[in-house]
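Trainee: Pasting entry-v2.pdb here (PDB, C-alpha atoms and all ligand atoms):
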```pdb
ATOM      1  CA  MET A  60     -58.079  31.582  66.993  1.00  0.00           C
ATOM      2  CA  ASP A  61     -56.687  34.351  69.136  1.00  0.00           C
ATOM      3  CA  ALA A  62     -52.943  34.153  68.434  1.00  0.00           C
ATOM      4  CA  GLY A  63     -50.897  35.622  71.275  1.00  0.00           C
ATOM      5  CA  CYS A  64     -54.063  35.967  73.342  1.00  0.00           C
ATOM      6  CA  GLY A  65     -52.274  37.188  76.476  1.00  0.00           C
ATOM      7  CA  SER A  66     -54.609  37.418  79.450  1.00  0.00           C
ATOM      8  CA  GLY A  67     -57.614  36.767  77.205  1.00  0.00           C
ATOM      9  CA  VAL A  68     -59.274  40.189  77.072  1.00  0.00           C
ATOM     10  CA  SER A  69     -59.999  39.927  73.350  1.00  0.00           C
ATOM     11  CA  THR A  70     -60.470  36.151  73.492  1.00  0.00           C
ATOM     12  CA  GLU A  71     -63.325  36.656  75.922  1.00  0.00           C
ATOM     13  CA  TYR A  72     -64.913  39.196  73.559  1.00  0.00           C
ATOM     14  CA  LEU A  73     -64.580  36.771  70.659  1.00  0.00           C
ATOM     15  CA  VAL A  74     -66.317  34.037  72.634  1.00  0.00           C
ATOM     16  CA  HIS A  75     -69.187  36.275  73.748  1.00  0.00           C
ATOM     17  CA  LEU A  76     -69.691  37.905  70.343  1.00  0.00           C
ATOM     18  CA  ASN A  77     -69.666  34.586  68.445  1.00  0.00           C
ATOM     19  CA  PRO A  78     -71.966  32.339  70.442  1.00  0.00           C
ATOM     20  CA  LEU A  79     -71.795  29.498  67.919  1.00  0.00           C
ATOM     21  CA  ALA A  80     -68.030  29.501  67.554  1.00  0.00           C
ATOM     22  CA  GLU A  81     -65.398  27.345  69.131  1.00  0.00           C
ATOM     23  CA  VAL A  82     -62.497  29.548  70.111  1.00  0.00           C
ATOM     24  CA  ILE A  83     -58.887  28.760  70.880  1.00  0.00           C
ATOM     25  CA  GLY A  84     -56.379  31.143  72.419  1.00  0.00           C
ATOM     26  CA  ILE A  85     -52.676  30.393  72.093  1.00  0.00           C
ATOM     27  CA  ASP A  86     -49.789  32.123  73.817  1.00  0.00           C
ATOM     28  CA  LEU A  87     -46.185  31.418  74.815  1.00  0.00           C
ATOM     29  CA  SER A  88     -46.759  32.331  78.443  1.00  0.00           C
ATOM     30  CA  ALA A  89     -48.341  29.805  80.827  1.00  0.00           C
ATOM     31  CA  GLY A  90     -48.909  32.539  83.431  1.00  0.00           C
ATOM     32  CA  THR A  91     -50.924  34.744  81.128  1.00  0.00           C
ATOM     33  CA  LEU A  92     -52.927  31.758  79.838  1.00  0.00           C
ATOM     34  CA  ALA A  93     -53.944  30.927  83.411  1.00  0.00           C
ATOM     35  CA  VAL A  94     -55.344  34.464  83.756  1.00  0.00           C
ATOM     36  CA  ALA A  95     -57.163  34.094  80.423  1.00  0.00           C
ATOM     37  CA  GLN A  96     -58.688  30.788  81.543  1.00  0.00           C
ATOM     38  CA  GLU A  97     -59.845  32.288  84.841  1.00  0.00           C
ATOM     39  CA  ARG A  98     -61.326  35.302  83.018  1.00  0.00           C
ATOM     40  CA  CYS A  99     -63.463  33.058  80.786  1.00  0.00           C
ATOM     41  CA  GLN A 100     -64.436  30.842  83.704  1.00  0.00           C
ATOM     42  CA  ARG A 101     -65.722  33.865  85.632  1.00  0.00           C
ATOM     43  CA  SER A 102     -67.844  35.045  82.711  1.00  0.00           C
ATOM     44  CA  GLY A 103     -69.290  31.565  82.245  1.00  0.00           C
ATOM     45  CA  VAL A 104     -67.901  30.753  78.782  1.00  0.00           C
ATOM     46  CA  ALA A 105     -65.056  28.394  79.693  1.00  0.00           C
ATOM     47  CA  ASP A 106     -66.809  25.509  77.882  1.00  0.00           C
ATOM     48  CA  ARG A 107     -66.521  27.233  74.486  1.00  0.00           C
ATOM     49  CA  VAL A 108     -62.883  28.246  74.697  1.00  0.00           C
ATOM     50  CA  GLN A 109     -59.626  26.379  74.931  1.00  0.00           C
ATOM     51  CA  PHE A 110     -56.281  27.844  75.826  1.00  0.00           C
ATOM     52  CA  LYS A 111     -53.040  26.278  74.721  1.00  0.00           C
ATOM     53  CA  GLN A 112     -49.410  27.112  75.384  1.00  0.00           C
ATOM     54  CA  LEU A 113     -48.075  27.266  71.851  1.00  0.00           C
ATOM     55  CA  SER A 114     -46.025  29.639  69.721  1.00  0.00           C
ATOM     56  CA  LEU A 115     -47.853  31.125  66.772  1.00  0.00           C
ATOM     57  CA  PHE A 116     -44.876  29.929  64.711  1.00  0.00           C
ATOM     58  CA  ASP A 117     -46.086  26.396  65.505  1.00  0.00           C
ATOM     59  CA  ALA A 118     -49.727  27.064  64.621  1.00  0.00           C
ATOM     60  CA  ASP A 119     -49.537  24.193  62.113  1.00  0.00           C
ATOM     61  CA  GLN A 120     -49.711  21.855  65.121  1.00  0.00           C
ATOM     62  CA  LEU A 121     -53.361  22.839  65.634  1.00  0.00           C
ATOM     63  CA  PRO A 122     -55.912  20.693  63.839  1.00  0.00           C
ATOM     64  CA  GLY A 123     -58.155  22.236  61.183  1.00  0.00           C
ATOM     65  CA  GLU A 124     -58.547  25.743  59.884  1.00  0.00           C
ATOM     66  CA  PHE A 125     -59.987  28.907  61.377  1.00  0.00           C
ATOM     67  CA  ASP A 126     -62.705  31.213  60.042  1.00  0.00           C
ATOM     68  CA  LEU A 127     -61.314  34.075  62.102  1.00  0.00           C
ATOM     69  CA  ILE A 128     -57.787  34.666  63.292  1.00  0.00           C
ATOM     70  CA  ASN A 129     -57.122  37.577  65.599  1.00  0.00           C
ATOM     71  CA  SER A 130     -53.606  38.617  66.524  1.00  0.00           C
ATOM     72  CA  VAL A 131     -53.410  41.876  68.386  1.00  0.00           C
ATOM     73  CA  GLY A 132     -50.171  43.319  69.711  1.00  0.00           C
ATOM     74  CA  VAL A 133     -48.112  40.208  68.995  1.00  0.00           C
ATOM     75  CA  LEU A 134     -46.402  40.044  65.591  1.00  0.00           C
ATOM     76  CA  HIS A 135     -44.325  43.181  66.232  1.00  0.00           C
ATOM     77  CA  HIS A 136     -42.854  41.488  69.322  1.00  0.00           C
ATOM     78  CA  THR A 137     -41.673  38.416  67.441  1.00  0.00           C
ATOM     79  CA  ALA A 138     -38.223  38.041  65.889  1.00  0.00           C
ATOM     80  CA  ASP A 139     -39.651  37.355  62.436  1.00  0.00           C
ATOM     81  CA  PRO A 140     -43.121  38.870  61.896  1.00  0.00           C
ATOM     82  CA  ILE A 141     -43.170  37.831  58.225  1.00  0.00           C
ATOM     83  CA  ARG A 142     -42.672  34.181  59.122  1.00  0.00           C
ATOM     84  CA  GLY A 143     -45.229  34.659  61.914  1.00  0.00           C
ATOM     85  CA  ILE A 144     -47.938  36.096  59.681  1.00  0.00           C
ATOM     86  CA  GLN A 145     -47.267  33.334  57.139  1.00  0.00           C
ATOM     87  CA  ALA A 146     -47.569  30.603  59.785  1.00  0.00           C
ATOM     88  CA  LEU A 147     -50.955  32.007  60.829  1.00  0.00           C
ATOM     89  CA  ALA A 148     -52.171  32.655  57.273  1.00  0.00           C
ATOM     90  CA  GLN A 149     -51.651  28.937  56.561  1.00  0.00           C
ATOM     91  CA  LYS A 150     -54.317  28.194  59.180  1.00  0.00           C
ATOM     92  CA  LEU A 151     -56.967  30.522  57.761  1.00  0.00           C
ATOM     93  CA  ALA A 152     -59.969  28.817  56.158  1.00  0.00           C
ATOM     94  CA  PRO A 153     -60.852  29.952  52.610  1.00  0.00           C
ATOM     95  CA  GLY A 154     -62.885  33.159  52.874  1.00  0.00           C
ATOM     96  CA  GLY A 155     -61.782  33.615  56.466  1.00  0.00           C
ATOM     97  CA  ILE A 156     -60.819  36.877  58.101  1.00  0.00           C
ATOM     98  CA  PHE A 157     -57.453  37.624  59.638  1.00  0.00           C
ATOM     99  CA  HIS A 158     -57.275  40.676  61.910  1.00  0.00           C
ATOM    100  CA  ILE A 159     -53.938  42.029  63.083  1.00  0.00           C
ATOM    101  CA  PHE A 160     -52.737  44.973  65.084  1.00  0.00           C
ATOM    102  CA  VAL A 161     -49.099  46.064  65.021  1.00  0.00           C
ATOM    103  CA  TYR A 162     -47.330  49.090  66.437  1.00  0.00           C
ATOM    104  CA  ALA A 163     -46.979  52.207  64.270  1.00  0.00           C
ATOM    105  CA  GLU A 164     -43.761  54.201  64.017  1.00  0.00           C
ATOM    106  CA  LEU A 165     -45.557  57.527  64.212  1.00  0.00           C
ATOM    107  CA  GLY A 166     -47.711  56.598  67.202  1.00  0.00           C
ATOM    108  CA  ARG A 167     -44.629  55.482  69.103  1.00  0.00           C
ATOM    109  CA  TRP A 168     -42.345  58.392  68.242  1.00  0.00           C
ATOM    110  CA  GLU A 169     -41.883  59.575  71.836  1.00  0.00           C
ATOM    111  CA  ILE A 170     -41.687  56.018  73.145  1.00  0.00           C
ATOM    112  CA  ARG A 171     -38.902  55.162  70.685  1.00  0.00           C
ATOM    113  CA  LEU A 172     -36.845  58.163  71.775  1.00  0.00           C
ATOM    114  CA  MET A 173     -37.284  57.243  75.416  1.00  0.00           C
ATOM    115  CA  GLN A 174     -36.310  53.623  74.681  1.00  0.00           C
ATOM    116  CA  GLU A 175     -33.123  54.902  73.049  1.00  0.00           C
ATOM    117  CA  ALA A 176     -32.346  57.253  75.942  1.00  0.00           C
ATOM    118  CA  ILE A 177     -32.754  54.437  78.482  1.00  0.00           C
ATOM    119  CA  ALA A 178     -30.596  52.063  76.412  1.00  0.00           C
ATOM    120  CA  LEU A 179     -27.832  54.669  76.108  1.00  0.00           C
ATOM    121  CA  LEU A 180     -27.818  55.439  79.810  1.00  0.00           C
ATOM    122  CA  GLN A 181     -28.062  51.775  80.786  1.00  0.00           C
ATOM    123  CA  SER A 182     -25.045  51.060  78.672  1.00  0.00           C
ATOM    124  CA  ASP A 183     -23.691  47.586  79.569  1.00  0.00           C
ATOM    125  CA  ARG A 184     -26.728  46.875  81.788  1.00  0.00           C
ATOM    126  CA  GLN A 185     -29.085  46.672  78.816  1.00  0.00           C
ATOM    127  CA  GLY A 186     -31.260  43.584  79.202  1.00  0.00           C
ATOM    128  CA  ASP A 187     -31.563  44.141  82.980  1.00  0.00           C
ATOM    129  CA  TYR A 188     -35.230  45.165  83.005  1.00  0.00           C
ATOM    130  CA  THR A 189     -35.404  46.208  86.656  1.00  0.00           C
ATOM    131  CA  HIS A 190     -32.471  48.516  86.078  1.00  0.00           C
ATOM    132  CA  GLY A 191     -34.039  49.788  82.829  1.00  0.00           C
ATOM    133  CA  VAL A 192     -37.251  50.713  84.635  1.00  0.00           C
ATOM    134  CA  LYS A 193     -35.242  52.505  87.326  1.00  0.00           C
ATOM    135  CA  VAL A 194     -33.228  54.515  84.780  1.00  0.00           C
ATOM    136  CA  GLY A 195     -36.385  55.309  82.788  1.00  0.00           C
ATOM    137  CA  ARG A 196     -38.210  56.595  85.844  1.00  0.00           C
ATOM    138  CA  GLN A 197     -35.163  58.694  86.750  1.00  0.00           C
ATOM    139  CA  ILE A 198     -35.109  60.228  83.260  1.00  0.00           C
ATOM    140  CA  PHE A 199     -38.801  61.123  83.412  1.00  0.00           C
ATOM    141  CA  ALA A 200     -38.370  62.629  86.884  1.00  0.00           C
ATOM    142  CA  ALA A 201     -35.424  64.731  85.693  1.00  0.00           C
ATOM    143  CA  LEU A 202     -36.873  66.006  82.398  1.00  0.00           C
ATOM    144  CA  PRO A 203     -38.340  69.518  82.379  1.00  0.00           C
ATOM    145  CA  GLU A 204     -42.121  69.702  82.787  1.00  0.00           C
ATOM    146  CA  GLN A 205     -42.753  70.929  79.214  1.00  0.00           C
ATOM    147  CA  ASN A 206     -40.605  68.195  77.620  1.00  0.00           C
ATOM    148  CA  ARG A 207     -42.586  66.433  74.892  1.00  0.00           C
ATOM    149  CA  LEU A 208     -41.650  62.899  75.971  1.00  0.00           C
ATOM    150  CA  LYS A 209     -42.593  63.621  79.554  1.00  0.00           C
ATOM    151  CA  GLN A 210     -45.874  65.255  78.586  1.00  0.00           C
ATOM    152  CA  ARG A 211     -46.856  62.355  76.334  1.00  0.00           C
ATOM    153  CA  GLU A 212     -46.085  59.843  79.085  1.00  0.00           C
ATOM    154  CA  LYS A 213     -48.148  61.825  81.555  1.00  0.00           C
ATOM    155  CA  GLU A 214     -51.163  62.370  79.324  1.00  0.00           C
ATOM    156  CA  ARG A 215     -51.319  59.032  77.598  1.00  0.00           C
ATOM    157  CA  TRP A 216     -49.547  56.274  79.484  1.00  0.00           C
ATOM    158  CA  SER A 217     -48.942  57.092  83.144  1.00  0.00           C
ATOM    159  CA  ILE A 218     -52.088  55.356  84.418  1.00  0.00           C
ATOM    160  CA  GLU A 219     -50.898  51.951  83.239  1.00  0.00           C
ATOM    161  CA  ASN A 220     -47.179  52.674  83.530  1.00  0.00           C
ATOM    162  CA  HIS A 221     -47.224  53.191  87.265  1.00  0.00           C
ATOM    163  CA  ARG A 222     -46.907  49.389  87.245  1.00  0.00           C
ATOM    164  CA  ASP A 223     -43.285  48.448  86.592  1.00  0.00           C
ATOM    165  CA  GLU A 224     -44.270  45.552  84.261  1.00  0.00           C
ATOM    166  CA  CYS A 225     -46.175  47.950  81.996  1.00  0.00           C
ATOM    167  CA  PHE A 226     -43.362  50.497  82.088  1.00  0.00           C
ATOM    168  CA  ALA A 227     -40.860  47.754  81.165  1.00  0.00           C
ATOM    169  CA  ASP A 228     -43.141  46.471  78.388  1.00  0.00           C
ATOM    170  CA  MET A 229     -43.218  49.949  76.854  1.00  0.00           C
ATOM    171  CA  TYR A 230     -39.701  51.207  77.344  1.00  0.00           C
ATOM    172  CA  VAL A 231     -37.334  48.259  77.750  1.00  0.00           C
ATOM    173  CA  HIS A 232     -38.961  45.516  75.706  1.00  0.00           C
ATOM    174  CA  PRO A 233     -36.211  43.395  74.105  1.00  0.00           C
ATOM    175  CA  GLN A 234     -38.050  42.901  70.824  1.00  0.00           C
ATOM    176  CA  GLU A 235     -40.121  45.499  68.995  1.00  0.00           C
ATOM    177  CA  ILE A 236     -40.647  46.388  65.350  1.00  0.00           C
ATOM    178  CA  ASP A 237     -42.698  49.476  64.499  1.00  0.00           C
ATOM    179  CA  TYR A 238     -44.471  49.814  61.168  1.00  0.00           C
ATOM    180  CA  ASN A 239     -45.142  52.547  58.658  1.00  0.00           C
ATOM    181  CA  ILE A 240     -47.486  52.256  55.679  1.00  0.00           C
ATOM    182  CA  PRO A 241     -44.957  50.735  53.214  1.00  0.00           C
ATOM    183  CA  THR A 242     -43.597  48.207  55.738  1.00  0.00           C
ATOM    184  CA  LEU A 243     -47.127  47.283  56.849  1.00  0.00           C
ATOM    185  CA  LYS A 244     -48.054  46.725  53.210  1.00  0.00           C
ATOM    186  CA  LYS A 245     -45.045  44.411  52.818  1.00  0.00           C
ATOM    187  CA  LEU A 246     -46.024  42.456  55.924  1.00  0.00           C
ATOM    188  CA  ILE A 247     -49.576  41.965  54.690  1.00  0.00           C
ATOM    189  CA  GLU A 248     -48.466  41.052  51.182  1.00  0.00           C
ATOM    190  CA  ALA A 249     -46.081  38.460  52.627  1.00  0.00           C
ATOM    191  CA  SER A 250     -49.080  36.682  54.149  1.00  0.00           C
ATOM    192  CA  GLY A 251     -50.321  35.878  50.640  1.00  0.00           C
ATOM    193  CA  LEU A 252     -53.822  37.030  51.657  1.00  0.00           C
ATOM    194  CA  ASP A 253     -55.948  39.789  50.136  1.00  0.00           C
ATOM    195  CA  PHE A 254     -56.062  43.026  52.072  1.00  0.00           C
ATOM    196  CA  VAL A 255     -59.705  43.835  52.776  1.00  0.00           C
ATOM    197  CA  GLY A 256     -59.198  47.058  54.686  1.00  0.00           C
ATOM    198  CA  PHE A 257     -58.437  48.777  57.934  1.00  0.00           C
ATOM    199  CA  SER A 258     -60.651  47.937  60.887  1.00  0.00           C
ATOM    200  CA  ASN A 259     -61.012  51.640  61.713  1.00  0.00           C
ATOM    201  CA  PRO A 260     -62.135  52.874  58.260  1.00  0.00           C
ATOM    202  CA  THR A 261     -63.420  56.283  59.381  1.00  0.00           C
ATOM    203  CA  VAL A 262     -59.906  57.259  60.472  1.00  0.00           C
ATOM    204  CA  TRP A 263     -58.739  56.658  56.900  1.00  0.00           C
ATOM    205  CA  GLN A 264     -61.486  58.672  55.216  1.00  0.00           C
ATOM    206  CA  LEU A 265     -59.780  61.502  53.403  1.00  0.00           C
ATOM    207  CA  GLU A 266     -62.998  63.564  53.425  1.00  0.00           C
ATOM    208  CA  ARG A 267     -62.374  63.999  57.125  1.00  0.00           C
ATOM    209  CA  LEU A 268     -59.084  65.761  56.392  1.00  0.00           C
ATOM    210  CA  ILE A 269     -59.210  67.370  52.966  1.00  0.00           C
ATOM    211  CA  GLY A 270     -62.926  67.105  52.169  1.00  0.00           C
ATOM    212  CA  SER A 271     -63.201  70.910  51.952  1.00  0.00           C
ATOM    213  CA  ASN A 272     -61.137  70.849  48.748  1.00  0.00           C
ATOM    214  CA  PRO A 273     -62.801  68.902  45.868  1.00  0.00           C
ATOM    215  CA  GLU A 274     -59.681  69.129  43.703  1.00  0.00           C
ATOM    216  CA  LEU A 275     -57.581  67.350  46.328  1.00  0.00           C
ATOM    217  CA  ILE A 276     -60.295  64.725  46.847  1.00  0.00           C
ATOM    218  CA  ASP A 277     -60.366  64.190  43.081  1.00  0.00           C
ATOM    219  CA  ARG A 278     -56.577  63.714  42.998  1.00  0.00           C
ATOM    220  CA  ALA A 279     -56.773  61.351  45.956  1.00  0.00           C
ATOM    221  CA  SER A 280     -59.453  59.275  44.238  1.00  0.00           C
ATOM    222  CA  GLN A 281     -56.754  58.121  41.798  1.00  0.00           C
ATOM    223  CA  LEU A 282     -54.830  56.504  44.633  1.00  0.00           C
ATOM    224  CA  ASP A 283     -55.520  53.086  46.065  1.00  0.00           C
ATOM    225  CA  GLU A 284     -55.934  52.614  49.803  1.00  0.00           C
ATOM    226  CA  TRP A 285     -52.154  52.336  50.247  1.00  0.00           C
ATOM    227  CA  GLY A 286     -51.599  55.719  48.620  1.00  0.00           C
ATOM    228  CA  THR A 287     -50.143  54.366  45.404  1.00  0.00           C
ATOM    229  CA  LEU A 288     -51.455  55.374  41.987  1.00  0.00           C
ATOM    230  CA  SER A 289     -54.205  53.099  40.783  1.00  0.00           C
ATOM    231  CA  PRO A 290     -53.767  51.811  37.192  1.00  0.00           C
ATOM    232  CA  TYR A 291     -57.388  52.726  36.350  1.00  0.00           C
TER     233      TYR A 291
HETATM  234  C1  LIG A 301     -48.928  42.745  74.198  1.00  0.00           C
HETATM  235  S1  LIG A 301     -49.495  41.126  74.551  1.00  0.00           S
HETATM  236  C2  LIG A 301     -51.031  41.135  73.699  1.00  0.00           C
HETATM  237  C3  LIG A 301     -52.041  40.225  74.309  1.00  0.00           C
HETATM  238  C4  LIG A 301     -53.434  40.219  73.700  1.00  0.00           C
HETATM  239  N1  LIG A 301     -53.446  39.876  72.297  1.00  0.00           N
HETATM  240  C5  LIG A 301     -54.136  41.539  73.920  1.00  0.00           C
HETATM  241  O1  LIG A 301     -54.377  42.255  72.945  1.00  0.00           O
HETATM  242  O2  LIG A 301     -54.442  41.862  75.078  1.00  0.00           O
HETATM  243  C6  LIG A 301     -48.454  40.115  73.549  1.00  0.00           C
HETATM  244  C7  LIG A 301     -48.614  38.626  73.830  1.00  0.00           C
HETATM  245  O3  LIG A 301     -47.978  37.897  72.782  1.00  0.00           O
HETATM  246  C8  LIG A 301     -47.420  36.738  73.347  1.00  0.00           C
HETATM  247  N2  LIG A 301     -46.435  36.223  72.393  1.00  0.00           N
HETATM  248  C9  LIG A 301     -45.244  36.755  72.042  1.00  0.00           C
HETATM  249  N3  LIG A 301     -44.645  36.002  71.118  1.00  0.00           N
HETATM  250  C10 LIG A 301     -45.483  34.958  70.852  1.00  0.00           C
HETATM  251  C11 LIG A 301     -45.421  33.813  70.000  1.00  0.00           C
HETATM  252  N4  LIG A 301     -44.377  33.603  69.216  1.00  0.00           N
HETATM  253  N5  LIG A 301     -46.459  32.965  69.993  1.00  0.00           N
HETATM  254  C12 LIG A 301     -47.530  33.171  70.789  1.00  0.00           C
HETATM  255  N6  LIG A 301     -47.636  34.212  71.636  1.00  0.00           N
HETATM  256  C13 LIG A 301     -46.625  35.102  71.677  1.00  0.00           C
HETATM  257  C14 LIG A 301     -46.870  37.210  74.675  1.00  0.00           C
HETATM  258  O4  LIG A 301     -46.653  36.147  75.573  1.00  0.00           O
HETATM  259  C15 LIG A 301     -47.980  38.170  75.121  1.00  0.00           C
HETATM  260  O5  LIG A 301     -48.944  37.520  75.907  1.00  0.00           O
END
```
Would you put the structure from the file into structure tokens?

Mentor:
Amino acid sequence: MDAGCGSGVSTEYLVHLNPLAEVIGIDLSAGTLAVAQERCQRSGVADRVQFKQLSLFDADQLPGEFDLINSVGVLHHTADPIRGIQALAQKLAPGGIFHIFVYAELGRWEIRLMQEAIALLQSDRQGDYTHGVKVGRQIFAALPEQNRLKQREKERWSIENHRDECFADMYVHPQEIDYNIPTLKKLIEASGLDFVGFSNPTVWQLERLIGSNPELIDRASQLDEWGTLSPY
């Protein structure tokens, strides 16, 4: 299951990479599901994938259990990610794998500040997304060239954000929760599932950062993967 599959980019990958699997993509938005359906039709895999307009909070309405649940970029946009992850975890088959991606506080530092600036300057027009995009674009245009928020936008996001929908999604989204390590740990623990690891393990290898100092590596070896002291 691809929960919150959007326009089906990852759903299509799942279908192609798992030729024996039956895949279902669910999403709240009928418009985005139509794009997902068309995408899979064009790549000739429409017969092995189903798309359904359904909230992940109602995943219990789907029959059966899933060996793989993928939910990328979704839980942090829901009002209650803990209830969301629990609703999905209930549908995982024993021994199954559940892959999630949520926003990180540190990675979105500049974005958060810009969101706050737009909200302040929008004042009582908060919630008017067209107006929010206009104010945001005005702020970026006015900021000095060397400003950190402006530089980050230019280097990292401007290619997609020239589209107003993408700009709005980033800077005036009505619902966003960003995670740090302790809050991510809480979210995962709330699912009742075992944490098997990060899907980008090389990024988390301490040797990459402090490998030149064996004493530090030795100290770090007493920590578990969440950075807490291991009892052993
Ligand atoms: C940022 S998009 C991510 C799409 C896709 N997973 C991807 O990685 O390209 C977030 C998607 O979550 C969907 N969504 C938000 N809340 C949802 C919910 N409660 N149940 C199902 N889908 C939801 C939105 O409609 C949107 O398509």

Trainee: For ligand LIG 301 (chain A), I'd like the enclosing box, axis-aligned and padded by 3 Å on every side, reported as AutoDock Vina command-line options with centre and edge lengths in Å to one decimal.

Mentor:
```
--center_x -49.4 --center_y 37.9 --center_z 72.6 --size_x 16.1 --size_y 15.8 --size_z 12.7
```

Trainee: Dump the neighbourhood of ligand LIG 301 (chain A) as a ChimeraX atom specification: all residues within 10 Å, distances computed on all atoms listed in the file.

Mentor: /A:61-70,84-92,95,111-118,129-140,143,159-161,225,228-229,234

Trainee: Between CA of Ile128 (chain A) and CA of Gly103 (chain A), what is the distance in Å, rounded to a tenth?

Mentor: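 Computing the Euclidean distance for CA of Ile128 (chain A) and CA of Gly103 (chain A) yields 22.4 Å.
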
Trainee: Would you list the residues near (-32.1, 54.8, 75.6), meaning any protein, DNA or RNA residue with an atom at most 12 Å from that point in file coordinates, counting only C-alpha atoms, as a PDB file with C-alpha atoms, in the frame of the given file?

Mentor:
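Output file selection_34.pdb follows:
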```
ATOM      1  CA  GLU A 169     -41.883  59.575  71.836  1.00  0.00           C
ATOM      2  CA  ILE A 170     -41.687  56.018  73.145  1.00  0.00           C
ATOM      3  CA  ARG A 171     -38.902  55.162  70.685  1.00  0.00           C
ATOM      4  CA  LEU A 172     -36.845  58.163  71.775  1.00  0.00           C
ATOM      5  CA  MET A 173     -37.284  57.243  75.416  1.00  0.00           C
ATOM      6  CA  GLN A 174     -36.310  53.623  74.681  1.00  0.00           C
ATOM      7  CA  GLU A 175     -33.123  54.902  73.049  1.00  0.00           C
ATOM      8  CA  ALA A 176     -32.346  57.253  75.942  1.00  0.00           C
ATOM      9  CA  ILE A 177     -32.754  54.437  78.482  1.00  0.00           C
ATOM     10  CA  ALA A 178     -30.596  52.063  76.412  1.00  0.00           C
ATOM     11  CA  LEU A 179     -27.832  54.669  76.108  1.00  0.00           C
ATOM     12  CA  LEU A 180     -27.818  55.439  79.810  1.00  0.00           C
ATOM     13  CA  GLN A 181     -28.062  51.775  80.786  1.00  0.00           C
ATOM     14  CA  SER A 182     -25.045  51.060  78.672  1.00  0.00           C
ATOM     15  CA  ASP A 183     -23.691  47.586  79.569  1.00  0.00           C
ATOM     16  CA  ARG A 184     -26.728  46.875  81.788  1.00  0.00           C
ATOM     17  CA  GLN A 185     -29.085  46.672  78.816  1.00  0.00           C
ATOM     18  CA  GLY A 186     -31.260  43.584  79.202  1.00  0.00           C
ATOM     19  CA  GLY A 191     -34.039  49.788  82.829  1.00  0.00           C
ATOM     20  CA  VAL A 192     -37.251  50.713  84.635  1.00  0.00           C
ATOM     21  CA  VAL A 194     -33.228  54.515  84.780  1.00  0.00           C
ATOM     22  CA  GLY A 195     -36.385  55.309  82.788  1.00  0.00           C
ATOM     23  CA  ILE A 198     -35.109  60.228  83.260  1.00  0.00           C
ATOM     24  CA  TYR A 230     -39.701  51.207  77.344  1.00  0.00           C
ATOM     25  CA  VAL A 231     -37.334  48.259  77.750  1.00  0.00           C
ATOM     26  CA  HIS A 232     -38.961  45.516  75.706  1.00  0.00           C
TER      27      HIS A 232
END
```

Trainee: So the first atom is CA of Lys150 (chain A) and the second is CA of Trp263 (chain A); what is the distance between them in Å, to one decimal place?

Mentor: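 Here the two named atoms are 28.9 Å from each other.
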
Trainee: Which protein, DNA or RNA residues have an atom at most 8 Å from (-60.8, 31.1, 72.3), counting all atoms listed in the file? List them as a list of chain:residue names.

Mentor: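 The requested residues, written out, are A:Met60, A:Asp61, A:Thr70, A:Glu71, A:Leu73, A:Val74, A:Glu81, A:Val82, A:Ile83, A:Gly84, A:Arg107, A:Val108, A:Gln109, A:Phe110.
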
Trainee: The PyMOL selection byres (((chain A and resi 149) around 12) and not hetatm) on the file shown: which residues, as an NGL selection string?

Mentor: :A and (115-126 or 128 or 142-148 or 150-153 or 155 or 157 or 249-252)

Trainee: On this structure, which residues satisfy the PyMOL selection byres (((chain A and resi 207-215) around 10) and not hetatm), written as number ranges by chain?

Mentor: A: 168-173, 198-206, 216-220

Trainee: Quick check, in Å to one decimal: how far apart do CA of Trp285 (chain A) and CA of Gln264 (chain A) lie?

Mentor: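 Going from CA of Trp285 (chain A) over to CA of Gln264 (chain A) covers 12.3 Å.
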
Trainee: When you count only C-alpha atoms, which of these residues is closest to Ala227 (chain A): A:Asp106, A:Asp187, A:Asp283, A:Asp277?

Mentor: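 Going through A:Asp106, A:Asp187, A:Asp283, A:Asp277 one by one, the smallest distance to Ala227 (chain A) is for A:Asp187.
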
Trainee: Could you spell out the hits of the PyMOL selection byres (((chain A and resi 239) around 9) and not hetatm) on the shown file, as a PyMOL selection string?

Mentor: chain A and resi 162-165+237-238+240-244

Trainee: Counting all atoms listed in the file, figure out which residue out of A:Glu248, A:Thr189, A:His158, A:Ser258 gets nearest to Phe226 (chain A).

Mentor: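 Of A:Glu248, A:Thr189, A:His158, A:Ser258, the one nearest Phe226 (chain A) is A:Thr189, counting all atoms listed in the file.
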